[in-house]
Structure formats: structure tokens, C-alpha cells
>>> print(open('query-v9.txt').read())   # compact mmCIF, C-alpha atoms
# COMPACT_ATOMS: atom_id res chain seq x y z
CA MET A 183 -12.90 -4.54 -21.99
CA ARG A 184 -14.49 -6.52 -24.83
CA ALA A 185 -13.88 -10.23 -25.27
CA SER A 186 -12.43 -11.24 -28.64
CA PHE A 187 -13.90 -14.73 -28.27
CA ARG A 188 -15.93 -16.65 -25.71
CA LEU A 189 -14.77 -19.69 -23.78
CA GLY A 190 -18.18 -20.66 -22.38
CA ARG A 191 -19.82 -20.24 -18.99
CA ILE A 192 -18.58 -20.84 -15.46
CA ALA A 193 -21.08 -20.69 -12.58
CA GLY A 194 -23.58 -19.28 -15.09
CA VAL A 195 -21.29 -16.37 -16.04
CA PRO A 196 -20.04 -15.90 -19.64
CA VAL A 197 -16.25 -16.10 -19.83
CA GLY A 198 -14.26 -14.54 -22.65
CA VAL A 199 -10.70 -13.71 -23.64
CA ASN A 200 -9.42 -10.53 -25.22
CA TRP A 201 -6.74 -10.86 -27.91
CA SER A 202 -4.29 -8.91 -25.69
CA VAL A 203 -3.99 -12.00 -23.44
CA LEU A 204 -1.86 -13.56 -26.17
CA VAL A 205 0.78 -10.86 -25.67
CA ILE A 206 1.31 -11.42 -21.96
CA PHE A 207 0.92 -15.20 -22.35
CA LEU A 208 3.75 -15.35 -24.87
CA LEU A 209 5.91 -13.01 -22.79
CA ILE A 210 5.47 -15.18 -19.68
CA ALA A 211 6.08 -18.42 -21.56
CA TRP A 212 9.13 -16.99 -23.36
CA GLY A 213 10.60 -15.44 -20.21
CA LEU A 214 10.32 -18.70 -18.28
CA SER A 215 11.42 -21.10 -21.02
CA ALA A 216 14.23 -18.95 -22.44
CA ASN A 217 15.61 -17.38 -19.27
CA GLN A 218 14.44 -18.35 -15.81
CA PHE A 219 14.14 -22.12 -16.16
CA PRO A 220 17.40 -22.65 -18.15
CA ARG A 221 19.27 -20.49 -15.64
CA SER A 222 17.88 -22.34 -12.60
CA TYR A 223 17.83 -25.84 -14.13
CA PRO A 224 20.61 -26.07 -16.75
CA ASP A 225 21.33 -28.91 -19.15
CA ARG A 226 17.72 -29.90 -19.80
CA PRO A 227 16.34 -30.44 -23.31
CA VAL A 228 15.01 -27.28 -24.99
CA VAL A 229 11.61 -28.89 -25.45
CA ALA A 230 11.39 -29.43 -21.69
CA TYR A 231 11.91 -25.70 -21.06
CA VAL A 232 9.31 -24.81 -23.69
CA LEU A 233 6.72 -27.21 -22.29
CA ALA A 234 7.38 -26.05 -18.74
CA GLY A 235 7.02 -22.39 -19.75
CA LEU A 236 3.78 -23.02 -21.64
CA ALA A 237 2.35 -25.11 -18.79
CA ALA A 238 3.21 -22.45 -16.20
CA ALA A 239 1.60 -19.70 -18.34
CA VAL A 240 -1.59 -21.74 -18.84
CA VAL A 241 -1.95 -22.54 -15.14
CA PHE A 242 -1.24 -18.90 -14.26
CA PHE A 243 -4.15 -17.74 -16.42
CA LEU A 244 -6.38 -20.44 -14.95
CA GLY A 245 -5.54 -18.94 -11.57
CA LEU A 246 -6.50 -15.48 -12.84
CA LEU A 247 -9.77 -16.95 -14.06
CA ALA A 248 -10.42 -18.51 -10.64
CA HIS A 249 -9.73 -15.09 -9.07
CA GLU A 250 -12.36 -13.40 -11.25
CA VAL A 251 -14.88 -16.24 -10.95
CA SER A 252 -14.72 -15.90 -7.18
CA HIS A 253 -15.61 -12.20 -7.50
CA ALA A 254 -18.53 -13.09 -9.76
CA VAL A 255 -19.89 -15.86 -7.52
CA VAL A 256 -19.79 -13.72 -4.37
CA ALA A 257 -21.30 -10.76 -6.26
CA LYS A 258 -24.22 -12.91 -7.40
CA ARG A 259 -24.74 -14.15 -3.84
CA ASN A 260 -24.97 -10.51 -2.76
CA GLY A 261 -27.66 -9.67 -5.27
CA LEU A 262 -25.62 -8.25 -8.16
CA GLU A 263 -25.85 -9.33 -11.78
CA VAL A 264 -22.63 -10.27 -13.54
CA GLY A 265 -22.43 -9.50 -17.25
CA GLY A 266 -19.34 -11.62 -17.85
CA ILE A 267 -15.68 -12.22 -17.16
CA THR A 268 -12.94 -11.19 -19.57
CA LEU A 269 -9.25 -12.03 -19.39
CA TRP A 270 -7.02 -9.39 -20.96
CA LEU A 271 -3.56 -7.81 -20.94
CA PHE A 272 -3.62 -6.68 -17.31
CA GLY A 273 -5.25 -9.81 -15.90
CA GLY A 274 -9.01 -10.13 -15.72
CA VAL A 275 -12.18 -8.21 -15.03
CA ALA A 276 -15.59 -9.32 -13.78
CA GLU A 277 -18.29 -7.04 -15.21
CA LEU A 278 -20.62 -6.31 -12.30
CA LYS A 279 -23.92 -4.65 -13.17
CA GLY A 280 -24.61 -2.23 -10.37
CA GLU A 281 -23.05 -1.37 -7.04
CA ALA A 282 -22.70 -3.38 -3.86
CA PRO A 283 -25.73 -2.70 -1.63
CA ASN A 284 -23.67 -2.04 1.52
CA PRO A 285 -20.06 -1.88 2.77
CA GLY A 286 -20.19 -5.48 3.96
CA ALA A 287 -21.09 -6.77 0.51
CA GLU A 288 -18.36 -4.60 -1.01
CA LEU A 289 -15.86 -6.10 1.42
CA ARG A 290 -16.87 -9.67 0.61
CA ILE A 291 -16.89 -9.18 -3.15
CA ALA A 292 -13.52 -7.42 -3.22
CA GLY A 293 -11.76 -9.56 -0.64
CA VAL A 294 -12.50 -12.98 -2.08
CA GLY A 295 -10.35 -12.52 -5.20
CA PRO A 296 -7.02 -11.90 -3.43
CA LEU A 297 -7.92 -14.65 -0.96
CA VAL A 298 -8.33 -17.14 -3.80
CA SER A 299 -4.99 -16.08 -5.34
CA LEU A 300 -3.31 -16.46 -1.96
CA LEU A 301 -4.77 -19.93 -1.48
CA ILE A 302 -3.62 -20.96 -4.96
CA GLY A 303 -0.13 -19.73 -4.13
CA ILE A 304 -0.11 -21.62 -0.84
CA PHE A 305 -1.34 -24.77 -2.62
CA PHE A 306 1.45 -24.74 -5.20
CA GLY A 307 3.97 -23.69 -2.59
CA GLY A 308 2.99 -26.61 -0.38
CA ILE A 309 3.46 -29.09 -3.22
CA ALA A 310 6.84 -27.51 -4.07
CA VAL A 311 8.03 -27.80 -0.46
CA ALA A 312 6.86 -31.41 -0.25
CA LEU A 313 8.76 -32.29 -3.44
CA ALA A 314 11.89 -30.50 -2.24
CA LEU A 315 11.82 -32.43 1.04
CA THR A 316 11.92 -35.68 -0.91
CA GLY A 317 15.12 -34.55 -2.62
CA TYR A 318 13.49 -33.93 -6.01
CA GLU A 319 15.31 -31.26 -8.04
CA GLY A 320 13.57 -31.49 -11.42
CA LEU A 321 12.06 -28.78 -13.62
CA LEU A 322 8.61 -29.43 -12.16
CA LEU A 323 9.84 -27.96 -8.89
CA GLY A 324 10.67 -24.72 -10.69
CA VAL A 325 7.22 -24.55 -12.28
CA LEU A 326 5.50 -25.10 -8.92
CA ALA A 327 7.72 -22.59 -7.13
CA TRP A 328 7.07 -19.94 -9.82
CA LEU A 329 3.30 -20.51 -9.67
CA ALA A 330 3.39 -20.24 -5.88
CA GLY A 331 5.36 -17.01 -5.95
CA ILE A 332 3.42 -15.32 -8.74
CA ASN A 333 0.03 -16.05 -7.14
CA VAL A 334 1.14 -14.79 -3.72
CA LEU A 335 2.57 -11.69 -5.42
CA LEU A 336 -0.72 -11.23 -7.29
CA ALA A 337 -2.66 -11.43 -4.02
CA ILE A 338 -0.38 -8.89 -2.34
CA PHE A 339 -0.50 -6.47 -5.28
CA ASN A 340 -4.29 -6.69 -5.49
CA VAL A 341 -4.80 -5.72 -1.84
CA LEU A 342 -2.89 -2.46 -2.23
CA PRO A 343 -5.43 0.18 -1.11
CA ALA A 344 -5.95 1.87 -4.46
CA ALA A 345 -8.72 1.71 -7.08
CA PRO A 346 -9.30 -0.09 -9.37
CA LEU A 347 -7.45 -2.86 -7.51
CA ASP A 348 -9.36 -5.09 -5.09
CA GLY A 349 -7.58 -3.26 -2.28
CA GLY A 350 -9.20 -0.06 -3.54
CA ARG A 351 -12.58 -1.73 -3.12
CA LEU A 352 -11.59 -2.74 0.39
CA LEU A 353 -10.55 0.85 1.13
CA ARG A 354 -13.83 2.09 -0.29
CA ALA A 355 -15.77 -0.34 1.91
CA ALA A 356 -13.89 0.89 5.00
CA VAL A 357 -14.41 4.60 4.22
CA TRP A 358 -18.04 3.95 3.26
CA LYS A 359 -18.62 2.16 6.57
CA ALA A 360 -16.93 4.94 8.55
CA THR A 361 -18.60 7.90 6.82
CA GLY A 362 -21.81 6.48 5.40
CA ASP A 363 -20.98 8.27 2.14
CA ARG A 364 -20.46 5.94 -0.86
CA THR A 365 -19.38 8.77 -3.18
CA LYS A 366 -16.76 10.08 -0.77
CA ALA A 367 -15.44 6.55 -0.32
CA SER A 368 -15.19 6.04 -4.08
CA VAL A 369 -13.33 9.34 -4.54
CA VAL A 370 -10.85 8.46 -1.76
CA ALA A 371 -10.14 5.06 -3.34
CA ALA A 372 -9.80 6.58 -6.83
CA ARG A 373 -7.36 9.25 -5.67
CA ALA A 374 -5.30 6.58 -3.91
CA GLY A 375 -5.26 4.71 -7.23
CA ARG A 376 -3.85 7.72 -9.05
CA ILE A 377 -1.15 8.17 -6.40
CA LEU A 378 -0.17 4.51 -6.70
CA GLY A 379 -0.10 4.86 -10.49
CA VAL A 380 2.31 7.80 -10.29
CA VAL A 381 4.54 5.85 -7.88
CA LEU A 382 4.61 2.82 -10.18
CA ILE A 383 5.44 4.93 -13.22
CA GLY A 384 8.31 6.59 -11.36
CA LEU A 385 9.58 3.26 -10.03
CA GLY A 386 9.26 1.65 -13.45
CA PHE A 387 11.30 4.30 -15.22
CA TRP A 388 13.91 4.20 -12.47
CA GLN A 389 14.22 0.43 -12.89
CA PHE A 390 14.47 0.80 -16.66
CA PHE A 391 17.32 3.31 -16.47
CA VAL A 392 19.28 1.24 -13.94
CA GLY A 393 19.08 -1.84 -16.13
CA ALA A 394 15.82 -3.67 -15.36
CA GLY A 395 14.85 -3.38 -19.04
CA PHE A 396 11.34 -4.48 -20.03
CA GLY A 397 10.32 -5.17 -16.43
CA GLY A 398 10.62 -1.49 -15.59
CA LEU A 399 8.62 -0.43 -18.63
CA TRP A 400 5.94 -2.98 -17.78
CA LEU A 401 5.65 -1.53 -14.25
CA ALA A 402 5.30 1.96 -15.71
CA LEU A 403 2.61 0.71 -18.09
CA ILE A 404 0.66 -0.75 -15.17
CA GLY A 405 0.95 2.61 -13.39
CA TRP A 406 -0.36 4.43 -16.45
CA PHE A 407 -3.32 2.05 -16.59
CA LEU A 408 -4.07 2.58 -12.88
CA ILE A 409 -4.11 6.37 -13.30
CA GLY A 410 -6.58 6.15 -16.19
CA ALA A 411 -8.84 3.61 -14.54
CA ALA A 412 -8.84 5.45 -11.20
CA GLY A 413 -9.73 8.72 -12.92
CA MET A 414 -12.63 7.01 -14.69
CA GLU A 415 -13.88 5.55 -11.41
CA GLU A 416 -13.86 8.98 -9.77
CA ARG A 417 -15.83 10.46 -12.65
CA GLN A 418 -18.34 7.62 -12.50
CA ALA A 419 -18.72 8.07 -8.75
CA ARG A 420 -19.40 11.79 -9.11
CA MET A 421 -21.83 11.13 -11.95
CA GLY A 422 -23.64 8.53 -9.86
CA ASP A 423 -23.94 11.03 -7.01
CA ALA A 424 -25.29 13.71 -9.36
CA LEU A 425 -27.92 11.29 -10.70
CA ARG A 426 -29.05 9.98 -7.32
CA ASN A 427 -32.87 9.76 -7.08
CA VAL A 428 -33.25 10.74 -10.75
CA ARG A 429 -35.75 8.55 -12.63
CA VAL A 430 -35.53 7.53 -16.26
CA ALA A 431 -38.76 9.46 -16.92
CA ASP A 432 -37.09 12.65 -15.65
CA VAL A 433 -34.45 12.64 -18.41
CA MET A 434 -35.90 10.71 -21.35
CA THR A 435 -37.03 12.23 -24.62
CA PRO A 436 -40.73 11.29 -24.69
CA GLN A 437 -42.57 9.88 -27.70
CA PRO A 438 -39.59 9.75 -30.08
CA GLN A 439 -40.10 9.54 -33.81
CA THR A 440 -40.07 5.92 -34.99
CA ALA A 441 -39.91 3.99 -38.23
CA SER A 442 -40.74 0.56 -39.58
CA GLY A 443 -37.95 -1.95 -39.99
CA GLU A 444 -39.21 -2.61 -43.51
CA MET A 445 -38.26 0.90 -44.65
CA THR A 446 -35.22 0.86 -46.94
CA VAL A 447 -32.09 2.76 -46.11
CA ALA A 448 -32.49 4.71 -49.35
CA ASP A 449 -36.02 5.81 -48.39
CA PHE A 450 -34.80 6.90 -44.96
CA VAL A 451 -31.85 8.86 -46.37
CA ASP A 452 -33.87 10.52 -49.14
CA ASN A 453 -37.04 11.39 -47.23
CA TYR A 454 -36.44 11.31 -43.46
CA LEU A 455 -32.77 11.93 -42.68
CA PHE A 456 -32.79 15.72 -42.73
CA ALA A 457 -36.21 15.97 -41.11
CA TYR A 458 -35.12 13.77 -38.19
CA ARG A 459 -33.08 15.69 -35.62
CA HIS A 460 -31.82 12.75 -33.56
CA SER A 461 -28.98 10.35 -34.30
CA ALA A 462 -30.85 7.16 -33.37
CA LEU A 463 -34.18 5.91 -34.69
CA PRO A 464 -36.25 3.30 -32.83
CA LEU A 465 -37.96 0.71 -35.02
CA THR A 466 -41.40 -0.40 -33.87
CA GLU A 467 -44.22 -2.76 -34.75
CA GLU A 468 -47.62 -1.72 -33.43
CA GLY A 469 -45.92 0.56 -30.92
CA ARG A 470 -43.56 -2.11 -29.57
CA PRO A 471 -39.79 -1.66 -30.03
CA VAL A 472 -38.14 -4.23 -32.29
CA GLY A 473 -34.85 -2.50 -33.12
CA LEU A 474 -32.76 0.64 -33.05
CA VAL A 475 -30.79 2.08 -35.94
CA THR A 476 -28.13 4.78 -35.58
CA LEU A 477 -26.86 7.17 -38.21
CA ASP A 478 -23.45 5.53 -37.97
CA ARG A 479 -24.99 2.22 -39.03
CA VAL A 480 -26.85 3.89 -41.90
CA ARG A 481 -23.65 5.62 -42.99
CA GLY A 482 -21.93 2.26 -43.20
CA VAL A 483 -24.25 1.07 -46.00
CA ALA A 484 -22.76 1.67 -49.45
CA ALA A 485 -24.80 3.96 -51.68
CA ASP A 486 -25.42 1.24 -54.27
CA ARG A 487 -26.85 -1.10 -51.59
CA ARG A 488 -29.21 1.32 -49.87
CA ALA A 489 -32.23 0.63 -52.06
CA GLY A 490 -32.07 -3.09 -51.30
CA THR A 491 -31.24 -2.85 -47.58
CA THR A 492 -33.90 -2.38 -44.93
CA LEU A 493 -33.42 -0.54 -41.65
CA ALA A 494 -34.05 -3.81 -39.81
CA GLU A 495 -30.99 -5.34 -41.48
CA VAL A 496 -28.64 -2.67 -40.09
CA SER A 497 -30.28 -2.11 -36.70
CA CYS A 498 -29.60 -3.48 -33.25
CA ARG A 499 -31.78 -6.56 -32.90
CA SER A 500 -34.55 -6.71 -30.34
CA ASP A 501 -32.49 -8.98 -28.07
CA GLU A 502 -29.65 -6.41 -28.08
CA LEU A 503 -31.81 -3.49 -27.02
CA VAL A 504 -31.53 -1.92 -23.60
CA LEU A 505 -35.04 -1.47 -22.24
CA ALA A 506 -36.00 0.58 -19.19
CA SER A 507 -39.17 1.52 -17.37
CA PRO A 508 -40.07 5.18 -16.74
CA ASP A 509 -39.86 4.77 -12.94
CA GLU A 510 -36.47 3.01 -12.93
CA GLN A 511 -33.60 4.85 -11.26
CA LEU A 512 -31.22 6.27 -13.86
CA ASN A 513 -28.22 5.00 -11.86
CA ASP A 514 -29.59 1.46 -12.19
CA LEU A 515 -29.89 1.88 -15.96
CA LEU A 516 -26.38 3.21 -16.66
CA PRO A 517 -24.48 -0.09 -16.19
CA ARG A 518 -26.83 -1.82 -18.64
CA LEU A 519 -26.36 0.53 -21.56
CA SER A 520 -25.37 -1.46 -24.64
CA GLU A 521 -22.50 -0.68 -26.93
CA CYS A 522 -24.68 -1.74 -29.84
CA ALA A 523 -27.04 1.15 -29.12
CA ASP A 524 -24.20 3.62 -28.56
CA GLY A 525 -25.25 4.26 -24.96
CA ARG A 526 -28.98 4.54 -25.65
CA ALA A 527 -31.94 2.92 -23.94
CA LEU A 528 -35.56 2.62 -25.07
CA VAL A 529 -38.16 3.39 -22.40
CA VAL A 530 -41.12 1.03 -22.39
CA SER A 531 -44.40 1.07 -20.47
CA GLU A 532 -46.74 -1.92 -20.75
CA GLY A 533 -44.69 -3.13 -23.71
CA ARG A 534 -45.07 0.06 -25.73
CA LEU A 535 -42.36 2.60 -26.52
CA VAL A 536 -42.80 5.84 -24.57
CA GLY A 537 -39.34 7.41 -24.74
CA ILE A 538 -35.63 7.14 -25.43
CA VAL A 539 -32.60 7.98 -23.28
CA SER A 540 -29.53 9.19 -25.17
CA PRO A 541 -26.01 10.17 -24.04
CA SER A 542 -26.96 13.85 -24.38
CA ASP A 543 -29.97 13.28 -22.08
CA ILE A 544 -27.65 11.74 -19.47
CA SER A 545 -25.10 14.54 -19.88
CA ARG A 546 -27.78 17.18 -19.24
CA ALA A 547 -29.00 15.24 -16.21
CA VAL A 548 -25.45 15.10 -14.78
CA GLN A 549 -25.02 18.86 -15.26
CA ARG A 550 -28.33 19.58 -13.54
CA GLY A 551 -27.60 17.12 -10.74
CA SER A 552 -24.18 18.67 -10.14
CA LEU A 553 -25.70 22.16 -10.06
CA ARG A 554 -28.36 20.95 -7.61
CA GLY A 555 -25.63 19.59 -5.32
CA GLN A 556 -23.67 22.87 -5.49
CA LEU A 557 -26.76 24.93 -4.64
CA ALA A 558 -27.65 22.60 -1.77
CA THR A 559 -24.19 22.87 -0.19
CA GLY A 560 -23.42 26.43 -1.20
CA ARG A 561 -20.19 25.30 -2.90
CA PRO A 562 -19.03 26.76 -6.22
CA GLY A 563 -18.41 24.37 -9.08
CA ALA A 564 -15.13 22.44 -8.97
>>> encode(input="query-v9.txt", output="C-alpha cells")
Amino acid sequence: MRASFRLGRIAGVPVGVNWSVLVIFLLIAWGLSANQFPRSYPDRPVVAYVLAGLAAAVVFFLGLLAHEVSHAVVAKRNGLEVGGITLWLFGGVAELKGEAPNPGAELRIAGVGPLVSLLIGIFFGGIAVALALTGYEGLLLGVLAWLAGINVLLAIFNVLPAAPLDGGRLLRAAVWKATGDRTKASVVAARAGRILGVVLIGLGFWQFFVGAGFGGLWLALIGWFLIGAAGMEERQARMGDALRNVRVADVMTPQPQTASGEMTVADFVDNYLFAYRHSALPLTEEGRPVGLVTLDRVRGVAADRRAGTTLAEVSCRSDELVLASPDEQLNDLLPRLSECADGRALVVSEGRLVGIVSPSDISRAVQRGSLRGQLATGRPGA
């Protein structure tokens, strides 16, 4: 999930927000200020309901951010890199680069998020109870009670044993610990996620038809998301298993054709395009990679601008490149592949370009790895 804009850094981790957050933010604020708060606390000024709804929505998303930051902090303490945190329509996601090294680390990373949400809920609930005991009955009590309830509910939902929820990670850690097989554990958690998704879709449509309205459709939408995300996790787990012990050097295309960044787009199109059989062209200076240009980027240059545009101007910059060493494990490279390079990595040895890894190289490696596994176990292909 890409961030539409960045908020800054927390604990050294970039934090961003996707535009879809605005949708759920407005829905929460509207639902509270136009329905729940007026119904529970009538005869207040309209502006009070609006401010209370907006305040509750803001604090709710701060709680989501704390949930994801806790994942990131614990992941870093367990040796994983964190690419960033993004808040979006379905909450938040911490982009972890790589896998937990052992079941214990998986348990700690996954478990801390729901724990933080639970503690936030208890905190707000405690303040609400204390205010109620003093006889206070103002709108602030409603805000605190809602924040307490929603955070406890978030913690409970997240520990459901189904990927990609935190509970799915906890399930994976338990199965991994019991069997010693990370791939099997990932598949079990992913299949549990798909089952939960089907249940939520069914429950959501049932609620919609009996009068729950948007709430039922929202539940069904969450179920649909879980099914898709769980299926992706299972595919990634099987791909990771197929690529186990495969080095970058085993799959890369060695000594790829290169070009200078000073070459114009017109020169490339007129003299090199049809002679070059790949869809990405590394740019080098004295054998060192300085950029990567794809055919899609070249295609985006208008014909009347090609003579005055260099390849360097339309390429991925050097700081956007994904670089790998020949002896690096391919599984370690996959999480680092950049969207700028369309899933490609440049292979470098002693600073000089020696190869390129493309999506087709990875696809062939997965097919060979899967075949190797089938031959080793005597199983036919699934």
C-alpha cells in the first residue's frame, strides 16, 4: 500500500498516509457526530457533536499509528528492517523487509500490536469510569467510552487466528514452533484467513439484508480484503519455499547490455530499441550502475520531446535502484525490489554491474524450484 503523502518519521521509521484514510475518517466522524453522540447525549450544540466526532476520529487513528509503530519497533529489535508505516482504508500496515528469524521473534512482533491497542482501550476506559464515578455525564464521557470500546474491539479482531491479521502471525508462530516448517505454518495461517474472509462476507450480507445497512457491507468488504490478502500470503510463502537456497547469481541475466545516460531517447528508439531484447536498460558510467530505464518510461516521452530528452532524465535515479550481490539469497532480495524498477534489481560485484534480475528471471526460478520440490518428494504438481 503506497503512501499518498508522508507525515515524517517515528522511531526512525517513515510514516505515511494513503488517501483512502480520508474515506474512513469522514465516515467515523460523521457516524459519531450525526448519529451516535446526538442519540446518547441529546440537546447539545451541533458544533459540539462535530468537534467530538472529529476528535474521536483523530485519536482513533493515532491509536492505529501506535499499533503499527509498536510492530515496527519490535521488528527492528529483532533484526528486521522496516521500510515504513502507512495508514490506509483498512487501518495500517508496517512494511517489514524480510521474515522473522524464528517463531519467538514472530510471536513478539505480531503480539505487540494488539497488546498496545488493548492498553489504549483500557487507558481510555479507565478515564471514562473515573469520570462516570464523579457523576459527570458530558459529551467527553461518550468520546472516551467510544475510544475505549473501539480499541478493545480492534485488539480482539486483530488476534483472530487468520492471516493477514496479527492473530494469523501468532498462529503461524505456533505452527512453525510445533512443526519446524515455516512454509507449512504460513499456508495454515493463510487458509485460516480465507475461511475467516468467507465467514465475514456471509455475515456482512446477512446483516445488510436484515437491516444493518452500511455496517453489513463494510464487514463484507473486510472479508473480501482478507481473502485476497491471505491468498497473496500463501502464494508468497510457496514462492519463498521454492526459492530457498537459491542465490541471485543462479537466476540473474549476466552482463546485460547497457547504455549511457547521455544518450537521447530518440537515439535509443531509432537505433537500439529493436536490437535490444529486454524491457529494461541499465545505465552505467565506467561500468558502475547509475540508473535504469524501462520501455514504459521511454514510451511515456512524447515523440516531439525525444530528441531533447536523455535516458538519464527518464530513468530511475541511482538512489532508487535495487542493488544485490551475486551471492545474496534470492529470498532476501525479493522484499527489496523497487516499484520504480518494475521489480528489477541490478547485480553488482566490487561496484561494477555484472547482471540484472527481472520478473521473468524470478518466475523461471520459482518454476524450477517448485519442480525440484515435486521431484524430491515424489508429489505431482498441485
>>> closest_residue(input="query-v9.txt", among="A:Leu512, A:Val530, A:Ala431, A:Leu425", to="Gln549 in chain A", atoms="only C-alpha atoms")
A:Leu425
>>> atom_distance(input="query-v9.txt", atom1="CA of Ala506 in chain A", atom2="CA of Lys279 in chain A")
14.5 Å
>>> closest_residue(input="query-v9.txt", among="A:Ile304, A:Ile404, A:Ile309, A:Met421", to="Leu322 in chain A", atoms="all atoms listed in the file")
A:Ile309
>>> closest_residue(input="query-v9.txt", among="A:Ala424, A:Ala462, A:Ile332, A:Leu315", to="Thr365 in chain A", atoms="all atoms listed in the file")
A:Ala424
>>> atom_distance(input="query-v9.txt", atom1="CA of Gly482 in chain A", atom2="CA of Leu515 in chain A")
28.4 Å
